[in-house]
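K.L.:
Structure: structure.csv, CSV, C-alpha atoms and all ligand atoms.
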chain,number,residue,atom,x,y,z
K,1,MET,CA,66.0,-15.4,40.1
K,2,THR,CA,66.3,-16.5,43.8
K,3,GLU,CA,63.2,-18.0,45.2
K,4,VAL,CA,62.3,-17.1,48.7
K,5,CYS,CA,61.7,-19.7,51.5
K,6,ILE,CA,59.7,-19.1,54.6
K,7,GLY,CA,61.8,-17.5,57.3
K,8,THR,CA,62.2,-14.9,60.1
K,9,VAL,CA,63.9,-11.5,60.2
K,10,LEU,CA,66.2,-10.2,62.9
K,11,ASP,CA,64.3,-6.9,63.4
K,12,PRO,CA,60.5,-7.5,62.9
K,13,VAL,CA,59.7,-3.9,64.0
K,14,ILE,CA,61.7,-2.2,61.2
K,15,PHE,CA,60.6,-5.0,58.8
K,16,GLY,CA,56.9,-4.2,59.7
K,17,LYS,CA,57.5,-0.5,58.9
K,18,LEU,CA,59.1,-1.4,55.5
K,19,MET,CA,56.1,-3.7,54.7
K,20,ALA,CA,53.6,-1.0,55.7
K,21,GLY,CA,55.2,1.5,53.3
K,22,GLY,CA,57.1,3.4,56.0
K,23,TRP,CA,60.1,3.6,53.8
K,24,LEU,CA,58.3,6.1,51.6
K,25,ASP,CA,58.3,8.6,54.6
K,26,ASN,CA,62.1,8.7,54.8
K,27,GLU,CA,63.7,10.6,51.9
K,28,LYS,CA,66.9,8.5,51.8
K,29,ALA,CA,65.0,5.2,51.9
K,30,LYS,CA,62.5,6.5,49.4
K,31,VAL,CA,65.1,7.5,46.8
K,32,ALA,CA,67.1,4.3,47.3
K,33,GLY,CA,63.9,2.1,47.3
K,34,MET,CA,62.4,3.6,44.2
K,35,GLN,CA,65.8,3.3,42.4
K,36,ILE,CA,65.8,-0.4,43.2
K,37,LEU,CA,62.3,-0.9,42.1
K,38,ARG,CA,62.8,0.9,38.8
K,39,LYS,CA,66.1,-1.0,38.2
K,40,ASN,CA,64.2,-4.3,38.6
K,41,LYS,CA,61.3,-3.1,36.4
K,42,PHE,CA,58.8,-3.7,39.3
K,43,THR,CA,59.4,-7.4,38.9
K,44,CYS,CA,59.6,-9.7,41.9
K,45,SER,CA,63.1,-11.4,41.9
K,46,SER,CA,61.6,-14.4,43.6
K,47,CYS,CA,58.3,-15.3,41.9
K,48,GLY,CA,58.5,-13.2,38.8
K,49,PHE,CA,55.3,-11.2,39.4
K,50,VAL,CA,55.4,-7.9,37.5
K,51,SER,CA,53.6,-4.9,39.0
K,52,ARG,CA,53.4,-1.4,37.5
K,53,SER,CA,54.3,2.1,38.7
K,54,SER,CA,51.5,4.7,38.6
K,55,VAL,CA,51.0,8.3,39.6
K,56,GLN,CA,48.9,7.3,42.6
K,57,VAL,CA,51.0,4.3,43.6
K,58,PRO,CA,54.5,4.9,42.3
K,59,HIS,CA,55.9,1.7,44.1
K,60,GLY,CA,53.1,-0.6,42.7
K,61,TYR,CA,53.1,-2.3,46.1
K,62,MET,CA,56.5,-3.8,45.5
K,63,ILE,CA,59.1,-3.9,48.3
K,64,PRO,CA,62.8,-2.9,48.0
K,65,VAL,CA,64.9,-5.1,50.2
K,66,ASP,CA,68.4,-5.2,51.4
K,67,TYR,CA,69.2,-8.7,52.8
K,68,ALA,CA,72.2,-7.3,54.7
K,69,HIS,CA,69.9,-5.1,56.9
K,70,PRO,CA,68.3,-6.8,60.1
K,71,GLY,CA,64.9,-5.4,59.0
K,72,LEU,CA,65.7,-5.7,55.3
K,73,LEU,CA,65.4,-1.9,54.9
K,74,ALA,CA,67.2,-0.8,51.8
K,75,ALA,CA,68.9,2.6,52.4
K,76,HIS,CA,71.3,2.4,49.4
K,77,GLY,CA,70.6,1.9,45.8
K,78,ASP,CA,71.6,-1.8,45.8
K,79,GLY,CA,69.1,-4.4,46.9
K,80,GLY,CA,66.4,-6.6,45.5
K,81,CYS,CA,62.8,-6.1,44.5
K,82,LEU,CA,60.1,-8.4,46.0
K,83,CYS,CA,56.4,-8.6,45.7
K,84,SER,CA,54.5,-8.0,49.0
K,85,ILE,CA,53.7,-11.7,49.4
K,86,CYS,CA,57.2,-13.0,48.8
K,87,ALA,CA,58.5,-10.3,51.2
K,88,ALA,CA,55.9,-11.3,53.9
K,89,SER,CA,56.9,-15.0,53.6
K,90,ILE,CA,60.5,-14.3,54.7
K,91,GLY,CA,59.4,-12.3,57.8
K,92,ILE,CA,56.8,-14.5,59.5
K,93,ASN,CA,57.7,-13.1,62.9
K,94,TRP,CA,56.0,-10.0,61.5
K,95,SER,CA,53.5,-11.4,59.0
K,96,VAL,CA,51.6,-13.8,61.3
K,97,THR,CA,51.8,-11.7,64.5
K,98,ILE,CA,49.4,-9.0,65.6
K,99,GLU,CA,52.0,-6.6,67.0
K,100,GLY,CA,52.9,-3.8,64.7
K,101,GLN,CA,49.8,-4.1,62.6
K,102,GLY,CA,48.4,-0.8,63.8
K,103,ASP,CA,44.6,-0.7,64.1
K,104,SER,CA,44.1,-2.7,61.0
K,105,SER,CA,40.6,-4.2,61.1
K,106,ALA,CA,41.7,-6.7,58.5
K,107,GLY,CA,43.7,-8.6,61.1
K,108,VAL,CA,47.2,-10.1,60.6
K,109,PRO,CA,48.8,-10.3,57.1
K,110,GLY,CA,48.6,-14.1,57.0
K,111,MET,CA,48.9,-17.5,58.7
K,112,LEU,CA,51.1,-20.5,58.8
K,113,ILE,CA,50.0,-23.6,57.0
K,114,ALA,CA,51.4,-27.1,56.5
K,115,GLN,CA,51.9,-27.8,52.8
K,116,SER,CA,54.8,-29.8,51.6
K,117,ARG,CA,53.7,-30.4,48.0
K,118,LEU,CA,54.1,-26.8,47.0
K,119,THR,CA,57.1,-24.5,47.4
K,120,GLN,CA,56.6,-21.1,49.0
K,121,VAL,CA,57.1,-19.4,45.7
K,122,GLN,CA,54.4,-21.6,44.0
K,123,ILE,CA,52.1,-20.7,46.8
K,124,ASN,CA,52.9,-17.0,46.4
K,125,ARG,CA,52.1,-17.0,42.7
K,126,LEU,CA,48.8,-18.6,43.5
K,127,ALA,CA,48.2,-16.2,46.4
K,128,LEU,CA,48.7,-13.1,44.2
K,129,GLN,CA,46.0,-14.2,41.8
K,130,VAL,CA,43.6,-15.3,44.6
K,131,ILE,CA,44.0,-11.9,46.4
K,132,SER,CA,43.5,-9.9,43.2
K,133,LEU,CA,40.5,-11.9,42.0
K,134,LEU,CA,38.8,-11.7,45.4
K,135,ALA,CA,39.5,-8.0,45.8
K,136,SER,CA,37.8,-7.2,42.4
K,137,GLN,CA,34.2,-6.4,41.8
K,138,PRO,CA,32.3,-9.5,40.6
K,139,THR,CA,31.5,-9.5,36.9
K,140,PRO,CA,30.0,-12.3,34.8
K,141,GLN,CA,33.4,-12.8,33.2
K,142,LEU,CA,35.2,-13.0,36.5
K,143,SER,CA,32.7,-14.9,38.6
K,144,LYS,CA,33.8,-18.4,37.8
K,145,LEU,CA,37.5,-17.5,38.5
K,146,GLN,CA,36.5,-15.8,41.7
K,147,SER,CA,34.6,-18.8,42.9
K,148,ALA,CA,37.7,-20.9,42.1
K,149,ALA,CA,39.8,-18.4,44.0
K,150,ARG,CA,37.4,-18.7,47.0
K,151,ASP,CA,37.8,-22.5,47.0
K,152,ILE,CA,41.6,-22.2,46.9
K,153,ASP,CA,41.6,-19.7,49.8
K,154,ALA,CA,39.3,-22.0,51.9
K,155,ALA,CA,41.5,-25.1,51.2
K,156,MET,CA,44.7,-23.3,52.0
K,157,THR,CA,43.3,-21.6,55.2
K,158,ALA,CA,42.0,-25.0,56.4
K,159,LEU,CA,45.7,-26.2,56.3
K,160,ASN,CA,46.3,-23.9,59.3
K,161,HIS,CA,44.5,-26.4,61.4
K,162,GLU,CA,46.7,-29.2,60.3
K,163,LEU,CA,49.9,-27.6,61.6
K,164,GLY,CA,49.7,-29.2,65.0
K,165,GLY,CA,49.8,-32.7,63.4
K,166,SER,CA,52.8,-32.1,61.1
K,167,ILE,CA,55.1,-29.6,62.9
K,168,PRO,CA,56.7,-30.5,66.1
K,169,PHE,CA,56.5,-27.9,68.9
K,170,TYR,CA,53.5,-26.1,67.3
K,171,ARG,CA,50.9,-25.3,70.0
K,172,GLY,CA,48.1,-23.8,68.0
K,173,ASN,CA,49.3,-20.2,68.0
K,174,ASP,CA,51.0,-18.9,64.8
K,175,SER,CA,52.4,-15.8,66.5
K,176,ASP,CA,54.1,-17.6,69.4
K,177,PHE,CA,55.5,-20.2,67.0
K,178,ALA,CA,56.9,-17.7,64.6
K,179,ARG,CA,58.5,-15.8,67.5
K,180,ALA,CA,60.0,-19.0,69.0
K,181,LEU,CA,61.3,-19.9,65.6
K,182,SER,CA,63.1,-16.6,65.3
K,183,LEU,CA,64.8,-17.1,68.6
K,184,ILE,CA,66.3,-20.5,67.8
K,185,PRO,CA,70.1,-19.9,68.0
K,186,GLN,CA,72.3,-20.2,65.0
K,187,GLU,CA,74.0,-23.4,66.2
K,188,TYR,CA,70.6,-25.2,66.1
K,189,TYR,CA,70.0,-24.1,62.5
K,190,GLU,CA,69.7,-27.7,61.2
K,191,GLN,CA,66.9,-28.4,63.6
K,192,ARG,CA,65.3,-25.1,62.5
K,193,GLU,CA,65.5,-26.3,58.9
K,194,ASP,CA,63.8,-29.6,59.8
K,195,ILE,CA,60.9,-27.7,61.4
K,196,LEU,CA,60.6,-25.5,58.4
K,197,GLY,CA,60.2,-28.5,56.1
K,198,SER,CA,56.5,-28.3,55.3
K,199,LEU,CA,55.8,-24.9,56.9
K,200,ARG,CA,54.4,-22.3,54.5
K,201,PHE,CA,52.9,-18.9,54.7
K,202,TRP,CA,49.4,-18.2,53.3
K,203,PRO,CA,48.1,-14.6,53.1
K,204,ASN,CA,45.0,-13.3,54.8
K,205,VAL,CA,43.1,-12.2,51.7
K,206,ARG,CA,41.3,-9.3,53.4
K,207,TYR,CA,44.5,-7.8,54.7
K,208,TRP,CA,45.8,-7.3,51.1
K,209,LYS,CA,42.5,-6.1,49.5
K,210,GLU,CA,43.9,-2.6,48.6
K,211,GLN,CA,46.9,-4.3,46.9
K,212,GLY,CA,44.6,-6.8,45.2
K,213,VAL,CA,42.5,-4.1,43.6
K,214,TYR,CA,45.7,-2.5,42.3
K,215,TRP,CA,47.3,-5.7,41.0
K,216,MET,CA,44.2,-6.7,39.1
K,217,LYS,CA,44.4,-3.4,37.2
K,218,SER,CA,48.2,-3.4,36.9
K,219,THR,CA,48.8,-7.0,36.0
K,220,PHE,CA,46.0,-9.5,35.8
K,221,GLU,CA,43.4,-7.7,33.7
K,222,ASP,CA,45.5,-7.8,30.6
K,223,MET,CA,46.6,-11.3,31.3
K,224,LEU,CA,43.0,-12.5,31.7
K,225,ALA,CA,41.9,-10.7,28.6
K,226,SER,CA,44.6,-12.3,26.5
K,227,ASP,CA,44.1,-15.8,28.1
K,228,ASN,CA,40.9,-17.0,26.5
K,229,GLU,CA,42.1,-20.5,27.1
K,230,LEU,CA,41.9,-20.0,30.9
K,231,LEU,CA,38.5,-18.4,30.7
K,232,GLY,CA,37.4,-21.3,28.5
K,233,VAL,CA,38.5,-23.8,31.1
K,234,VAL,CA,36.4,-22.3,33.9
K,235,LYS,CA,33.3,-21.5,31.8
H,301,ZN,ZN,56.9,-12.6,44.6
What do you get writing this file as structure tokens?
P.N.:
Amino acid sequence: MTEVCIGTVLDPVIFGKLMAGGWLDNEKAKVAGMQILRKNKFTCSSCGFVSRSSVQVPHGYMIPVDYAHPGLLAAHGDGGCLCSICAASIGINWSVTIEGQGDSSAGVPGMLIAQSRLTQVQINRLALQVISLLASQPTPQLSKLQSAARDIDAAMTALNHELGGSIPFYRGNDSDFARALSLIPQEYYEQREDILGSLRFWPNVRYWKEQGVYWMKSTFEDMLASDNELLGVVK
């Protein structure tokens, strides 16, 4: 399992189409992509999240990626399978910018935060649960977990305001910063790594609502039902 780190992609336009499901409109990419997802059993090769294929959502909101392609588009049967959040983390010059988001009223897919104590993958595992819990209908059984998820989301979101103090060159705009980061030439890569030190991606929960509803059904419901210990903790 290769854990993703935050990063930028060379072609954010194609990457955006991949993230928005555009690969399903192209027959070649669809066949190759589904082959990759099936081969990986709909399991994220970075964080280990397992989704499920269904008649309505055959891809289970998992993303087939080819790291050799500038926009990560997989056009052949070999490539990796990432969950949407791990995929969004490696293309912040798409995932924190407004361009290419269509007329989405939910805004941008996410934001940049300063958080050096958790790796991007630890954050993504948390994010998948927070998104799924907050997208679900409140029930007496879920409400305590949902309120914990709301607190986590608020705490993470607040870290966006701390970026200016911990990242040099950050001027209060995620989009400009991500674009500038993607333009740092290769020879300055070490400097780029220094800047990336405590930089992390946190998803905008509203943007991923549709996915959250699905993931709750595909993955978390069974997990919660069998995890009485967890429910006992939050009771
Ligand atoms: Zn993942």
K.L.:
Using only C-alpha atoms, which residues sit within 9 Å of K:Arg52 once same-chain residues fewer than 3 positions away are excluded, as a tab-separated table (two decimals) with C-alpha atoms, keeping the file's coordinate frame?
P.N.:
chain	number	residue	atom	x	y	z
K	41	LYS	CA	61.30	-3.10	36.40
K	42	PHE	CA	58.80	-3.70	39.30
K	43	THR	CA	59.40	-7.40	38.90
K	57	VAL	CA	51.00	4.30	43.60
K	58	PRO	CA	54.50	4.90	42.30
K	59	HIS	CA	55.90	1.70	44.10
K	60	GLY	CA	53.10	-0.60	42.70
K	61	TYR	CA	53.10	-2.30	46.10
K	62	MET	CA	56.50	-3.80	45.50
K	215	TRP	CA	47.30	-5.70	41.00
K	218	SER	CA	48.20	-3.40	36.90
K	219	THR	CA	48.80	-7.00	36.00
K.L.:
Rounded to one decimal place, report the atom CA of K:Cys81-atom CA of K:Tyr214 distance in Å.
P.N.:
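Separation between atom CA of K:Cys81 and atom CA of K:Tyr214: 17.6 Å.
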K.L.:
Which residues are near stretch 166-174 of chain K? Cut-off 12 Å, only C-alpha atoms, ignore same chain within fewer than 2 positions. Put them as an MDAnalysis selection string.
P.N.:
chainID K and resid 92:98 108:116 159:164 176:181 191:202
K.L.:
Taking all atoms listed in the file into account, which of K:Tyr67, K:Phe15, K:Trp208, K:Phe49 comes nearest ligand ZN 301 (chain H)?
P.N.:
K:Phe49
K.L.:
Would you mind telling me which residue in K:Arg117, K:Lys30, K:Arg125, K:His69 lies nearest to ligand ZN 301 (chain H) when using all atoms listed in the file?
P.N.:
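Closest to ligand ZN 301 (chain H) of all the choices is K:Arg125.
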K.L.:
Please provide the set of residues having any atom within 10 Å of K:Gly16, restricted to only C-alpha atoms, with same-chain residues fewer than 2 positions apart removed, written as a list in words.
P.N.:
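That gives Asp11, Pro12, Val13, Ile14, Leu18, Met19, Ala20, Gly21, Gly22, Gly71, Leu72, Ala88, Gly91, Asn93, Trp94, Ser95, Glu99, Gly100 and Gln101 of chain K.
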K.L.:
Could you list, as a PyMOL selection string, all the residues within 8 Å of ligand ZN 301 (chain H), counting all atoms listed in the file?
P.N.:
chain K and resi 44-49+82-87+121+124-125
K.L.:
Taking (42.4, -7.2, 43.0) in the file's coordinates, which residues come within 7 Å, counting all atoms listed in the file, written as a PyMOL selection string?
P.N.:
chain K and resi 131-136+209+211-216
K.L.:
Nearest to K:Ile152: which of K:Val205, K:Leu183, K:Ile36, K:Gln137 is it, counting all atoms listed in the file?
P.N.:
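Closest candidate: K:Val205.
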K.L.:
Which residue gives the smallest distance to K:Leu118 among K:Leu142, K:Met223, K:Ala74, K:Cys5, with only C-alpha atoms counted?
P.N.:
K:Cys5
K.L.:
For atom CA of K:Phe220 and atom CA of K:Thr157, quote the distance in Å rounded to one decimal.
P.N.:
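Going from atom CA of K:Phe220 over to atom CA of K:Thr157, I get 23.0 Å.
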K.L.:
Can you tell me how far atom CA of K:Pro138 sits from atom CA of K:Ser226, in Å to one decimal?
P.N.:
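So the two atoms, atom CA of K:Pro138 and atom CA of K:Ser226, lie 18.9 Å apart.
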K.L.:
Ranking K:Pro185, K:Lys17, K:Ala75, K:Ala68 by minimum distance to K:Ala32 and counting all atoms listed in the file, which one comes first?
P.N.:
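Among K:Pro185, K:Lys17, K:Ala75, K:Ala68, it is K:Ala75 that comes nearest to K:Ala32.
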K.L.:
For K:Gly107, which of K:Asn26, K:Gln122, K:Thr8, K:Asn204 is the closest residue, counting all atoms listed in the file?
P.N.:
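Checking each candidate against K:Gly107, we get K:Asn204 as the closest.
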K.L.:
Return the padded bounding box of stretch 153-165 of chain K as JSON: axis-aligned, built from all atoms listed in the file, 4 Å added on each side, with centre and edge lengths in Å to one decimal.
P.N.:
{"center_x": 44.6, "center_y": -26.2, "center_z": 57.4, "size_x": 18.6, "size_y": 21.0, "size_z": 23.2}
K.L.:
For K:Gly33, list every protein, DNA or RNA residue within 10 Å, evaluated using all atoms listed in the file, and leave out those in the same chain fewer than 6 positions away; present the list as number ranges by chain.
P.N.:
K: 23-24, 27, 39, 59, 62-66, 73-81
